[in-house]
Protein chains: 2
Amino acid sequence: MDLAPARGAATIEEVAARAGVSRSTVSRVVNGSTAVSPSALEAVRRAIDELQYVPNRAARSLASRQTRAIALVIPEQTDRFFGDPFFASIVAGIGEVIGESDYIMNMLIASDDASAKALGYLRSGSVDGAIVASHHTSDTFLDRVADVVPVVYGGRPARIRSDDYYVDVDNVEGGRLATAYLIERGHRRIATISGPPDMPAGIDRLKGFHAAMTEAGVTPVAVENGDFTESGGASAMTRVLSAGERPDALFVASDLMARGAYEVLREKGIEPGRDIAVIGFDDSAVSTAVSPALTTVRQPSLTQGRHMASVLLDILAGRPAVHATILPTEIIERASA
Amino acid sequence: MDLAPARGAATIEEVAARAGVSRSTVSRVVNGSTAVSPSALEAVRRAIDELQYVPNRAARSLASRQTRAIALVIPEQTDRFFGDPFFASIVAGIGEVIGESDYIMNMLIASDDASAKALGYLRSGSVDGAIVASHHTSDTFLDRVADVVPVVYGGRPARIRSDDYYVDVDNVEGGRLATAYLIERGHRRIATISGPPDMPAGIDRLKGFHAAMTEAGVTPVAVENGDFTESGGASAMTRVLSAGERPDALFVASDLMARGAYEVLREKGIEPGRDIAVIGFDDSAVSTAVSPALTTVRQPSLTQGRHMASVLLDILAGRPAVHATILPTEIIERASA
DNA sequence: GTGAAAGCGCTAACAC
DNA sequence: GTGTTAGCGCTTTCAC
């Protein structure tokens with residue numbers, strides 16, 4: 001018996017014919033409308049099963065003007081995206097929430113050279129909304145995405161527009177907390193390895209650092225910025241050490257950079273946790289992978305991811321959504337400071 | 001002057017009206033047909049620019065029956081995907097090649113609980129083809145994807161079908177090489193931490209191990225399998241040590257698992273590289289991140305990714321494509337063995 | 001070189 | 001509860 005369609009995928013038309021009903025009824029069944037008689041429902045279901053029917057997504061979204069897909073945009077180079085456990089948590093949180101919805105999530109790595117293509121994709125009606133996992137001030141293409149579909153940013157966008165949505169952690173407070181922690185423990189020769197100056201997260205953590213220092217009347221020994229990578233942390237550390245006075249405490253704006261700093265310190269015979277207090281930021285897997293374990297500022301990345309997804313889902317469902325969500329940070333005390 | 005469309009995105013109709021030509025001509029320009037007069041071309045280009053026109057992807061793929069999109073399917077849990085640098089290389093290689101094409105690539109994390117959704121997506125005509133980054137024998141949903149669109153597998157599929165395409169590294173030879181290396185250096189009490197028995201890569205590396213052992217007439221001290229994660233490597237190491245005779249050499253089927261093994265060895269006071277020779281597999285970033293640096297079997301993951309993408313592109317373009325590509329492996333000698 | 005017309009597979013009024 | 005009818009925005013013959 002020839003059950004499968006002649007060629008290509010089965011269409012709604014074929015299902016309707018086989019079930020002895022109209023296209024509309026099939027559509028109703030597929031879309032879960034209740035206004036279908038039990039007998040028709042049964043017939044359609046069987047036909048769908050026999051033909052292995054899956055609705056054509058293009059046709060569906062053309063007619064309904066929605067795609068049931070959302071994009072997770074990563075404006076980073078591939079190696080940074082994979083190298084930093086921060087992204088793993090964010091993605092896991094987002095995936096968890098989207099997974100429970102009936103949206104499909106597709107990840108788009110929109111590194112510099114791929115951003116034009118990504119922009120075209122996002123503007124072509126391929127998705128109903130987008131989540132942007134990290135944000136550089138140079139990522140102006142994102143504004144042009146936001147013109148077309150709702151966007152939720154991870155972290156405060158560089159320029160906040162009144163209708164923006166974002167979920168951030170309290171980076172200023174986190175930076176302040178970390179720095180105050182060092183000061184409270186009697187350190188006065190304090191340096192920092194900050195994040196990149198083109199990312200709000202980097203800017204804010206540094207702002208918190210300066211706030212705490214000013215408050216205590218302490219002047220920084222050195223301020224060098226890294227790019228949130230391990231090697232960037234290492235070279236910033238080198239610059240800090242060659243800057244002049246050797247610090248007795250160090251605030252590093254990400255755990256990964258702290259790992260890079262560790263290496264350079266060791267090379268110079270300076271033992272982290274003993275000769276210099278080091279505090280990181282993230283509380284990602286690297287903070288316990290290094291030795292001595294890193295005292296750090298915990299940011300709830302998994303939660304942040306979950307929130308981002310929920311906000312987008314709210315927007316898409318027409319529910320009232322929160323424009324700005326700021327998640328708290330806290331110090332996790334380990335061995336390095 | 002009102003240049004922007006009234007509401008929503010501009011359509012081909014609006015562009016045509018503004019340029020004073022028909023829809024067909026606009027379509028020709030958009031699709032790069034040469035049969036358009038210079039004046040029409042110019043007019044259309046300007047209209048597109050002014051209206052910020054981007055063709056609707058759904059409409060386009062409905063009419064043309066192709067999507068110009070490919071899926072990168074990752075049948076793994078999120079944390080394993082992000083935790084293993086192997087995937088970073090694979091994705092980078094694929095992204096590089098796809099990036100130069102006019103296809104868009106969307107990554108789909110199809111963990112167990114999300115596989116039904118991913119399957120629906122892939123069967124709904126959303127993509128022209130798929131690349132599967134890793135493969136478990138339990139991933140039967142992939143067969144149903146291959147029914148609908150061309151699929152290229154990373155690694156030999158569990159059950160090879162005559163029309164399958166895949167790009168693999170020579171895992172059997174790699175396992176053999178690693179084991180022979182240990183034997184040549186005089187080790188005789190050799191154990192292995194193998195990959196998961198439900199993954200061809202794991203099976204093949206173990207096969208190579210046994211081949212080399214048999215050839216040399218040496219019996220393994222212990223064979224324990226891990227799941228290609230760091231913690232899996234650690235617990236396998238624990239089992240190896242409690243199995244009986246303490247090994248003087250160890251072949252671990254992935255660098256990440258070797259890192260886990262290092263930790264357990266150290267806890268027991270056994271120093272890798274001194275008290276026990278350890279050889280890994282991958283030559284990923286972790287092999288140099290650990291101390292002592294790991295001697296390992298290099299597999300060209302970036303190249304593998306590039307090949308996978310090229311093969312899919314060949315298939316989609318109707319060019320002859322290679323069904324099976326096997327890439328060579330080689331020993332990278334460092335400090336651990 | 002250009003336009004008219006048909007149709008891709010579906011949803012969504014609207015009648016019945 | 002169910003079918004009929006119009007499109008959704010585009011590509012693609014086929015005439016001219």
# chains A, B, ... in the order shown; residues from 1 in each chain; ligands from 1
call {"tool": "closest_atom_pairs", "arguments": {"of": "chain A", "to": "chain D", "cutoff": "10 Å", "atoms": "only C-alpha atoms (C1' of nucleotides)", "output": "JSON lines"}}
result
{"residue": "A:Val21", "atom": "CA", "partner": "D:DT2", "partner_atom": "C1'", "distance": 8.3}
{"residue": "A:Ser22", "atom": "CA", "partner": "D:DG3", "partner_atom": "C1'", "distance": 6.2}
{"residue": "A:Arg23", "atom": "CA", "partner": "D:DG3", "partner_atom": "C1'", "distance": 8.4}
{"residue": "A:Ser24", "atom": "CA", "partner": "D:DG3", "partner_atom": "C1'", "distance": 7.3}
{"residue": "A:Thr25", "atom": "CA", "partner": "D:DT2", "partner_atom": "C1'", "distance": 7.0}
{"residue": "A:Thr34", "atom": "CA", "partner": "D:DG1", "partner_atom": "C1'", "distance": 9.9}
{"residue": "A:Ala35", "atom": "CA", "partner": "D:DG1", "partner_atom": "C1'", "distance": 6.2}
{"residue": "A:Val36", "atom": "CA", "partner": "D:DG1", "partner_atom": "C1'", "distance": 6.0}
{"residue": "A:Ser37", "atom": "CA", "partner": "D:DG1", "partner_atom": "C1'", "distance": 6.5}
{"residue": "A:Ala40", "atom": "CA", "partner": "D:DG1", "partner_atom": "C1'", "distance": 9.6}
{"residue": "A:Ala59", "atom": "CA", "partner": "D:DC8", "partner_atom": "C1'", "distance": 8.3}
{"residue": "A:Arg60", "atom": "CA", "partner": "D:DC8", "partner_atom": "C1'", "distance": 9.1}
{"residue": "A:Ser61", "atom": "CA", "partner": "D:DC8", "partner_atom": "C1'", "distance": 8.3}
{"residue": "A:Leu62", "atom": "CA", "partner": "D:DC8", "partner_atom": "C1'", "distance": 4.9}
{"residue": "A:Ala63", "atom": "CA", "partner": "D:DC8", "partner_atom": "C1'", "distance": 4.4}
{"residue": "A:Ser64", "atom": "CA", "partner": "D:DC8", "partner_atom": "C1'", "distance": 7.4}
{"residue": "A:Arg65", "atom": "CA", "partner": "D:DC8", "partner_atom": "C1'", "distance": 7.4}
call {"tool": "write_last_selection", "arguments": {"atoms": "C-alpha atoms", "output": "compact mmCIF listing (two decimals), in the first residue's frame"}}
result
# COMPACT_ATOMS: atom_id res chain seq x y z
CA VAL A 21 -12.10 16.98 4.97
CA SER A 22 -11.13 20.47 3.82
CA ARG A 23 -7.79 22.20 4.22
CA SER A 24 -9.30 24.38 6.92
CA THR A 25 -10.13 21.48 9.12
CA THR A 34 -11.14 22.91 19.67
CA ALA A 35 -13.88 23.46 17.13
CA VAL A 36 -13.37 20.14 15.37
CA SER A 37 -15.60 17.09 15.68
CA ALA A 40 -12.82 14.61 11.88
CA ALA A 59 4.07 28.82 3.98
CA ARG A 60 2.89 28.98 7.49
CA SER A 61 4.83 32.03 8.43
CA LEU A 62 3.97 33.74 5.19
CA ALA A 63 0.30 33.35 5.90
CA SER A 64 0.32 33.91 9.62
CA ARG A 65 2.99 36.58 9.64
call {"tool": "interface_residues", "arguments": {"of": "chain B", "to": "chain A", "cutoff": "9 Å", "atoms": "only C-alpha atoms", "output": "PyMOL selection string"}}
result
chain B and resi 8-9+53-62+67+71+78-79+81-85+87-89+91-92+95+99+102-109+113-114+117-118+120-121+123-126+148
call {"tool": "calpha_fit_and_write", "arguments": {"fixed": "chain B", "moving": "chain A", "output": "compact mmCIF listing (two decimals) with C-alpha atoms, in the first residue's frame"}}
result
# COMPACT_ATOMS: atom_id res chain seq x y z
CA MET A 1 9.40 63.38 2.37
CA ASP A 2 7.92 60.07 3.24
CA LEU A 3 10.41 57.48 2.08
CA ALA A 4 9.72 54.65 4.44
CA PRO A 5 6.88 52.22 3.85
CA ALA A 6 3.67 52.99 5.69
CA ARG A 7 3.90 50.04 8.08
CA GLY A 8 5.73 46.77 8.27
CA ALA A 9 8.54 45.92 5.92
CA ALA A 10 8.57 47.03 2.31
CA THR A 11 7.49 44.45 -0.26
CA ILE A 12 8.76 43.79 -3.73
CA GLU A 13 5.56 45.37 -5.00
CA GLU A 14 6.37 48.68 -3.36
CA VAL A 15 9.88 48.65 -4.70
CA ALA A 16 8.58 47.95 -8.19
CA ALA A 17 6.09 50.79 -8.00
CA ARG A 18 8.68 53.24 -6.79
CA ALA A 19 11.20 52.21 -9.43
CA GLY A 20 8.56 52.23 -12.13
CA VAL A 21 9.15 48.63 -13.18
CA SER A 22 7.45 45.28 -12.66
CA ARG A 23 7.93 42.86 -9.79
CA SER A 24 9.90 40.59 -12.10
CA THR A 25 12.52 43.17 -12.76
CA VAL A 26 12.99 43.83 -9.10
CA SER A 27 13.30 40.12 -8.54
CA ARG A 28 15.91 39.94 -11.26
CA VAL A 29 17.96 42.66 -9.67
CA VAL A 30 17.69 41.12 -6.24
CA ASN A 31 18.78 37.76 -7.58
CA GLY A 32 21.62 39.14 -9.63
CA SER A 33 20.33 38.37 -13.08
CA THR A 34 22.32 40.15 -15.78
CA ALA A 35 19.39 40.63 -18.10
CA VAL A 36 18.43 44.03 -16.72
CA SER A 37 19.05 47.37 -18.40
CA PRO A 38 21.40 49.76 -16.64
CA SER A 39 18.68 52.33 -16.15
CA ALA A 40 16.25 49.86 -14.63
CA LEU A 41 19.00 48.46 -12.47
CA GLU A 42 19.83 51.87 -11.16
CA ALA A 43 16.20 52.76 -10.48
CA VAL A 44 15.56 49.52 -8.65
CA ARG A 45 18.70 49.82 -6.59
CA ARG A 46 17.73 53.26 -5.47
CA ALA A 47 14.24 52.19 -4.58
CA ILE A 48 15.58 49.27 -2.58
CA ASP A 49 17.89 51.57 -0.75
CA GLU A 50 15.27 54.17 0.00
CA LEU A 51 12.74 51.66 1.21
CA GLN A 52 15.34 49.62 3.05
CA TYR A 53 13.91 46.66 1.28
CA VAL A 54 14.90 43.18 2.38
CA PRO A 55 13.17 40.29 0.58
CA ASN A 56 10.87 38.29 2.78
CA ARG A 57 12.55 35.00 3.40
CA ALA A 58 9.43 32.95 3.86
CA ALA A 59 7.91 34.10 0.60
CA ARG A 60 11.13 33.57 -1.17
CA SER A 61 11.68 30.07 0.02
CA LEU A 62 8.07 29.17 -0.57
CA ALA A 63 8.36 30.17 -4.18
CA SER A 64 11.85 28.98 -4.88
CA ARG A 65 11.68 25.86 -2.77
CA GLN A 66 14.94 26.56 -1.11
CA THR A 67 15.84 28.42 2.04
CA ARG A 68 19.50 29.34 1.64
CA ALA A 69 19.93 28.26 5.21
CA ILE A 70 21.65 25.27 6.69
CA ALA A 71 21.42 23.88 10.19
CA LEU A 72 24.28 22.96 12.44
CA VAL A 73 22.80 20.34 14.71
CA ILE A 74 24.46 19.65 18.05
CA PRO A 75 22.98 16.53 19.65
CA GLU A 76 24.52 17.26 23.04
CA GLN A 77 23.61 18.78 26.35
CA THR A 78 24.47 22.47 26.47
CA ASP A 79 27.19 22.08 29.07
CA ARG A 80 29.05 19.40 27.18
CA PHE A 81 28.85 21.41 24.00
CA PHE A 82 30.38 24.42 25.66
CA GLY A 83 32.72 22.50 27.91
CA ASP A 84 34.68 20.74 25.20
CA PRO A 85 37.01 22.85 23.04
CA PHE A 86 36.62 20.23 20.34
CA PHE A 87 33.26 21.72 19.43
CA ALA A 88 34.67 25.21 19.29
CA SER A 89 37.08 24.13 16.57
CA ILE A 90 34.48 22.22 14.63
CA VAL A 91 32.07 25.13 14.70
CA ALA A 92 34.80 27.59 13.77
CA GLY A 93 35.75 25.50 10.74
CA ILE A 94 32.18 25.13 9.59
CA GLY A 95 31.41 28.78 10.19
CA GLU A 96 34.41 29.85 8.20
CA VAL A 97 33.30 28.03 5.07
CA ILE A 98 29.60 28.72 5.38
CA GLY A 99 30.43 32.35 6.05
CA GLU A 100 31.98 32.66 2.64
CA SER A 101 28.94 31.16 0.97
CA ASP A 102 25.60 32.90 0.75
CA TYR A 103 24.03 30.43 3.12
CA ILE A 104 23.15 31.37 6.62
CA MET A 105 24.01 28.88 9.33
CA ASN A 106 21.85 28.36 12.33
CA MET A 107 22.97 26.33 15.25
CA LEU A 108 20.51 24.08 16.94
CA ILE A 109 21.30 22.52 20.27
CA ALA A 110 19.28 19.33 20.06
CA SER A 111 19.74 17.83 23.50
CA ASP A 112 17.58 14.83 24.28
CA ASP A 113 14.58 16.76 25.47
CA ALA A 114 14.75 19.16 22.54
CA SER A 115 15.22 16.62 19.80
CA ALA A 116 11.55 16.29 18.91
CA LYS A 117 11.31 20.00 18.38
CA ALA A 118 14.52 20.09 16.40
CA LEU A 119 13.28 17.25 14.25
CA GLY A 120 10.07 19.09 13.46
CA TYR A 121 12.04 22.17 12.55
CA LEU A 122 14.39 20.31 10.27
CA ARG A 123 11.58 18.45 8.58
CA SER A 124 9.48 21.54 8.03
CA GLY A 125 11.55 22.83 5.17
CA SER A 126 13.37 25.42 7.25
CA VAL A 127 16.79 24.54 5.94
CA ASP A 128 18.29 23.15 2.76
CA GLY A 129 20.70 20.84 4.54
CA ALA A 130 22.18 19.95 7.88
CA ILE A 131 25.52 19.29 9.48
CA VAL A 132 25.52 17.04 12.51
CA ALA A 133 28.42 17.86 14.77
CA SER A 134 28.56 14.72 16.84
CA HIS A 135 26.70 11.49 16.85
CA HIS A 136 25.39 8.99 19.36
CA THR A 137 23.90 5.68 18.37
CA SER A 138 20.80 6.72 20.27
CA ASP A 139 20.22 9.71 18.02
CA THR A 140 17.76 7.97 15.78
CA PHE A 141 15.92 11.18 15.06
CA LEU A 142 18.74 12.06 12.73
CA ASP A 143 17.71 9.34 10.31
CA ARG A 144 14.40 11.08 9.93
CA VAL A 145 16.16 14.31 9.13
CA ALA A 146 18.22 12.64 6.46
CA ASP A 147 14.98 11.51 4.82
CA VAL A 148 14.17 15.09 4.02
CA VAL A 149 17.38 17.08 3.56
CA PRO A 150 20.97 16.18 2.84
CA VAL A 151 22.97 15.61 6.00
CA VAL A 152 26.70 15.61 6.55
CA TYR A 153 27.91 13.92 9.71
CA GLY A 154 30.92 14.85 11.74
CA GLY A 155 32.38 11.45 12.45
CA ARG A 156 31.29 8.14 11.05
CA PRO A 157 27.59 7.60 11.70
CA ALA A 158 26.66 4.67 13.89
CA ARG A 159 24.98 2.88 11.00
CA ILE A 160 26.33 3.89 7.65
CA ARG A 161 23.79 3.99 4.88
CA SER A 162 24.92 4.01 1.29
CA ASP A 163 23.95 7.60 0.69
CA ASP A 164 25.44 9.03 3.86
CA TYR A 165 28.07 11.72 3.85
CA TYR A 166 30.54 12.10 6.65
CA VAL A 167 33.92 13.54 7.53
CA ASP A 168 35.85 11.71 10.17
CA VAL A 169 39.34 11.50 11.56
CA ASP A 170 41.12 8.20 11.62
CA ASN A 171 40.17 7.31 15.17
CA VAL A 172 41.24 3.68 14.96
CA GLU A 173 44.68 4.65 13.74
CA GLY A 174 44.87 7.42 16.31
CA GLY A 175 44.13 4.99 19.12
CA ARG A 176 46.65 2.55 17.73
CA LEU A 177 49.29 5.22 17.40
CA ALA A 178 48.83 6.41 20.95
CA THR A 179 48.97 2.94 22.38
CA ALA A 180 51.96 1.90 20.30
CA TYR A 181 53.72 5.02 21.50
CA LEU A 182 53.33 3.89 25.10
CA ILE A 183 54.42 0.35 24.32
CA GLU A 184 57.49 1.53 22.41
CA ARG A 185 58.58 3.46 25.44
CA GLY A 186 58.68 0.30 27.44
CA HIS A 187 55.39 0.52 29.29
CA ARG A 188 53.59 -2.76 29.84
CA ARG A 189 51.05 -2.03 32.58
CA ILE A 190 48.78 -0.04 30.31
CA ALA A 191 45.22 1.12 30.98
CA THR A 192 42.81 3.17 28.95
CA ILE A 193 39.97 5.55 29.63
CA SER A 194 37.86 5.14 26.55
CA GLY A 195 35.09 7.27 25.09
CA PRO A 196 31.42 6.51 25.49
CA PRO A 197 30.44 3.17 23.91
CA ASP A 198 27.52 4.80 22.15
CA MET A 199 29.70 7.07 20.04
CA PRO A 200 31.63 5.89 17.02
CA ALA A 201 34.59 8.06 17.99
CA GLY A 202 34.76 6.30 21.34
CA ILE A 203 34.37 2.86 19.83
CA ASP A 204 37.02 3.42 17.19
CA ARG A 205 39.67 4.79 19.49
CA LEU A 206 39.20 1.83 21.77
CA LYS A 207 39.45 -0.49 18.79
CA GLY A 208 42.81 1.04 17.93
CA PHE A 209 43.92 0.59 21.52
CA HIS A 210 43.07 -3.09 21.50
CA ALA A 211 44.69 -3.57 18.10
CA ALA A 212 48.01 -2.18 19.27
CA MET A 213 47.89 -4.13 22.51
CA THR A 214 47.12 -7.40 20.78
CA GLU A 215 49.80 -6.77 18.22
CA ALA A 216 52.36 -6.35 20.98
CA GLY A 217 50.99 -9.21 23.02
CA VAL A 218 50.22 -6.99 25.99
CA THR A 219 47.11 -7.32 28.13
CA PRO A 220 45.40 -4.15 29.38
CA VAL A 221 45.51 -3.49 33.10
CA ALA A 222 42.14 -1.78 32.95
CA VAL A 223 39.63 -0.47 30.44
CA GLU A 224 37.11 2.03 31.78
CA ASN A 225 34.89 4.27 29.74
CA GLY A 226 34.19 7.93 30.29
CA ASP A 227 31.74 10.23 28.58
CA PHE A 228 34.19 12.72 27.07
CA THR A 229 33.73 15.13 29.99
CA GLU A 230 36.25 16.15 32.60
CA SER A 231 34.29 14.68 35.48
CA GLY A 232 33.67 11.52 33.49
CA GLY A 233 37.41 11.19 33.02
CA ALA A 234 37.94 11.67 36.73
CA SER A 235 35.54 8.96 37.79
CA ALA A 236 36.89 6.57 35.17
CA MET A 237 40.36 7.22 36.56
CA THR A 238 39.13 6.36 40.03
CA ARG A 239 37.78 3.07 38.73
CA VAL A 240 41.02 2.32 36.91
CA LEU A 241 43.01 2.81 40.09
CA SER A 242 40.75 0.66 42.18
CA ALA A 243 40.72 -2.06 39.55
CA GLY A 244 43.85 -3.73 40.83
CA GLU A 245 47.36 -3.41 39.46
CA ARG A 246 48.46 0.20 39.17
CA PRO A 247 49.16 1.17 35.54
CA ASP A 248 52.40 2.79 34.46
CA ALA A 249 50.82 4.21 31.33
CA LEU A 250 47.43 5.48 30.32
CA PHE A 251 45.70 6.26 27.05
CA VAL A 252 42.80 8.66 27.53
CA ALA A 253 40.44 9.07 24.59
CA SER A 254 40.05 12.83 25.00
CA ASP A 255 42.12 15.69 26.40
CA LEU A 256 39.31 16.86 28.60
CA MET A 257 38.98 13.45 30.23
CA ALA A 258 42.75 13.43 30.68
CA ARG A 259 42.47 16.62 32.67
CA GLY A 260 39.95 14.91 34.92
CA ALA A 261 42.32 11.94 35.24
CA TYR A 262 45.19 14.25 36.22
CA GLU A 263 43.24 15.53 39.20
CA VAL A 264 42.45 12.08 40.54
CA LEU A 265 46.03 10.92 40.01
CA ARG A 266 47.37 13.89 41.95
CA GLU A 267 44.96 13.26 44.79
CA LYS A 268 46.42 9.77 45.06
CA GLY A 269 49.93 11.17 44.97
CA ILE A 270 50.64 9.85 41.51
CA GLU A 271 52.33 12.49 39.39
CA PRO A 272 51.37 12.42 35.70
CA GLY A 273 54.40 12.30 33.42
CA ARG A 274 56.64 11.02 36.18
CA ASP A 275 54.84 8.16 37.92
CA ILE A 276 52.54 7.42 35.03
CA ALA A 277 52.74 8.20 31.33
CA VAL A 278 49.55 9.79 30.02
CA ILE A 279 48.59 10.33 26.42
CA GLY A 280 45.40 12.12 25.38
CA PHE A 281 43.40 12.64 22.23
CA ASP A 282 42.36 15.90 20.51
CA ASP A 283 45.22 18.32 20.86
CA SER A 284 42.72 20.92 21.99
CA ALA A 285 43.50 23.94 24.12
CA VAL A 286 43.38 21.90 27.33
CA SER A 287 46.39 19.83 26.30
CA THR A 288 48.65 22.82 26.82
CA ALA A 289 46.61 24.32 29.64
CA VAL A 290 47.34 21.39 31.94
CA SER A 291 50.63 20.76 33.63
CA PRO A 292 52.59 18.77 32.66
CA ALA A 293 51.53 19.55 29.11
CA LEU A 294 49.76 16.61 27.61
CA THR A 295 51.25 14.39 24.95
CA THR A 296 48.29 13.72 22.73
CA VAL A 297 46.93 12.54 19.41
CA ARG A 298 46.17 15.51 17.28
CA GLN A 299 42.97 15.47 15.29
CA PRO A 300 42.48 18.32 12.83
CA SER A 301 39.11 19.56 14.08
CA LEU A 302 39.20 22.88 12.32
CA THR A 303 39.91 21.14 9.04
CA GLN A 304 37.23 18.61 9.78
CA GLY A 305 34.73 21.41 10.24
CA ARG A 306 35.79 23.04 7.01
CA HIS A 307 35.44 19.78 5.14
CA MET A 308 31.99 19.09 6.50
CA ALA A 309 30.79 22.46 5.32
CA SER A 310 32.37 22.07 1.89
CA VAL A 311 30.79 18.69 1.37
CA LEU A 312 27.36 20.03 2.23
CA LEU A 313 27.86 22.99 -0.04
CA ASP A 314 28.87 20.61 -2.82
CA ILE A 315 25.75 18.55 -2.35
CA LEU A 316 23.50 21.60 -2.31
CA ALA A 317 25.11 22.96 -5.44
CA GLY A 318 24.62 19.65 -7.20
CA ARG A 319 28.35 19.13 -7.48
CA PRO A 320 29.78 15.67 -6.97
CA ALA A 321 30.52 15.23 -3.28
CA VAL A 322 32.75 12.83 -1.41
CA HIS A 323 30.80 10.39 0.76
CA ALA A 324 33.53 9.57 3.21
CA THR A 325 36.48 11.75 4.11
CA ILE A 326 38.96 10.40 6.65
CA LEU A 327 41.47 12.86 8.05
CA PRO A 328 44.81 11.73 9.45
CA THR A 329 45.92 11.95 13.07
CA GLU A 330 49.39 12.36 14.50
CA ILE A 331 51.14 12.23 17.83
CA ILE A 332 52.06 15.53 19.43
CA GLU A 333 54.78 14.91 21.93
CA ARG A 334 54.79 16.97 25.09
CA ALA A 335 55.67 16.31 28.70
CA SER A 336 53.17 13.75 29.96
CA ALA A 337 54.42 10.70 28.05
call {"tool": "select_by_dssp", "arguments": {"residues": "range 51-278 of chain A", "states": "strand (DSSP E or B)", "output": "number ranges by chain"}}
result
A: 69-74, 104-109, 129-132, 151-154, 165-169, 190-194, 222-225, 249-252, 272, 276-278
call {"tool": "write_last_selection", "arguments": {"atoms": "C-alpha atoms", "output": "PDB file, in the first residue's frame"}}
result
ATOM      1  CA  ALA A  69      11.332  31.178  15.876  1.00  0.00           C
ATOM      2  CA  ILE A  70      13.608  33.454  17.818  1.00  0.00           C
ATOM      3  CA  ALA A  71      17.253  34.227  17.237  1.00  0.00           C
ATOM      4  CA  LEU A  72      19.999  34.139  19.798  1.00  0.00           C
ATOM      5  CA  VAL A  73      22.546  36.565  18.435  1.00  0.00           C
ATOM      6  CA  ILE A  74      26.145  36.304  19.599  1.00  0.00           C
ATOM      7  CA  ILE A 104      12.491  27.281  18.216  1.00  0.00           C
ATOM      8  CA  MET A 105      15.735  29.029  19.025  1.00  0.00           C
ATOM      9  CA  ASN A 106      18.468  29.451  16.515  1.00  0.00           C
ATOM     10  CA  MET A 107      21.866  30.659  17.463  1.00  0.00           C
ATOM     11  CA  LEU A 108      23.639  33.038  15.176  1.00  0.00           C
ATOM     12  CA  ILE A 109      27.293  33.798  15.652  1.00  0.00           C
ATOM     13  CA  GLY A 129      12.297  38.293  18.029  1.00  0.00           C
ATOM     14  CA  ALA A 130      15.915  38.256  19.056  1.00  0.00           C
ATOM     15  CA  ILE A 131      18.046  37.939  22.140  1.00  0.00           C
ATOM     16  CA  VAL A 132      21.442  39.572  22.021  1.00  0.00           C
ATOM     17  CA  VAL A 151      15.083  42.608  20.902  1.00  0.00           C
ATOM     18  CA  VAL A 152      16.107  41.750  24.423  1.00  0.00           C
ATOM     19  CA  TYR A 153      19.679  42.576  25.355  1.00  0.00           C
ATOM     20  CA  GLY A 154      21.859  40.714  27.771  1.00  0.00           C
ATOM     21  CA  TYR A 165      14.471  45.692  26.885  1.00  0.00           C
ATOM     22  CA  TYR A 166      17.430  44.331  28.747  1.00  0.00           C
ATOM     23  CA  VAL A 167      18.434  42.100  31.618  1.00  0.00           C
ATOM     24  CA  ASP A 168      21.630  43.007  33.372  1.00  0.00           C
ATOM     25  CA  VAL A 169      23.487  42.253  36.558  1.00  0.00           C
ATOM     26  CA  ILE A 190      45.272  48.165  44.551  1.00  0.00           C
ATOM     27  CA  ALA A 191      45.221  47.646  40.789  1.00  0.00           C
ATOM     28  CA  THR A 192      42.512  46.526  38.438  1.00  0.00           C
ATOM     29  CA  ILE A 193      42.303  44.693  35.150  1.00  0.00           C
ATOM     30  CA  SER A 194      39.120  46.054  33.696  1.00  0.00           C
ATOM     31  CA  ALA A 222      47.317  50.723  37.974  1.00  0.00           C
ATOM     32  CA  VAL A 223      44.282  50.415  35.729  1.00  0.00           C
ATOM     33  CA  GLU A 224      44.731  48.287  32.622  1.00  0.00           C
ATOM     34  CA  ASN A 225      42.002  46.943  30.430  1.00  0.00           C
ATOM     35  CA  ALA A 249      45.667  43.465  45.620  1.00  0.00           C
ATOM     36  CA  LEU A 250      43.976  43.112  42.275  1.00  0.00           C
ATOM     37  CA  PHE A 251      40.422  43.288  41.020  1.00  0.00           C
ATOM     38  CA  VAL A 252      40.011  41.490  37.703  1.00  0.00           C
ATOM     39  CA  PRO A 272      48.299  34.689  43.974  1.00  0.00           C
ATOM     40  CA  ILE A 276      48.826  39.376  46.101  1.00  0.00           C
ATOM     41  CA  ALA A 277      45.100  39.234  46.779  1.00  0.00           C
ATOM     42  CA  VAL A 278      43.088  38.581  43.637  1.00  0.00           C
TER      43      VAL A 278
END
call {"tool": "interface_residues", "arguments": {"of": "chain C", "to": "chain B", "cutoff": "10 Å", "atoms": "only C-alpha atoms (C1' of nucleotides)", "output": "PyMOL selection string"}}
result
chain C and resi 1-4+7-10
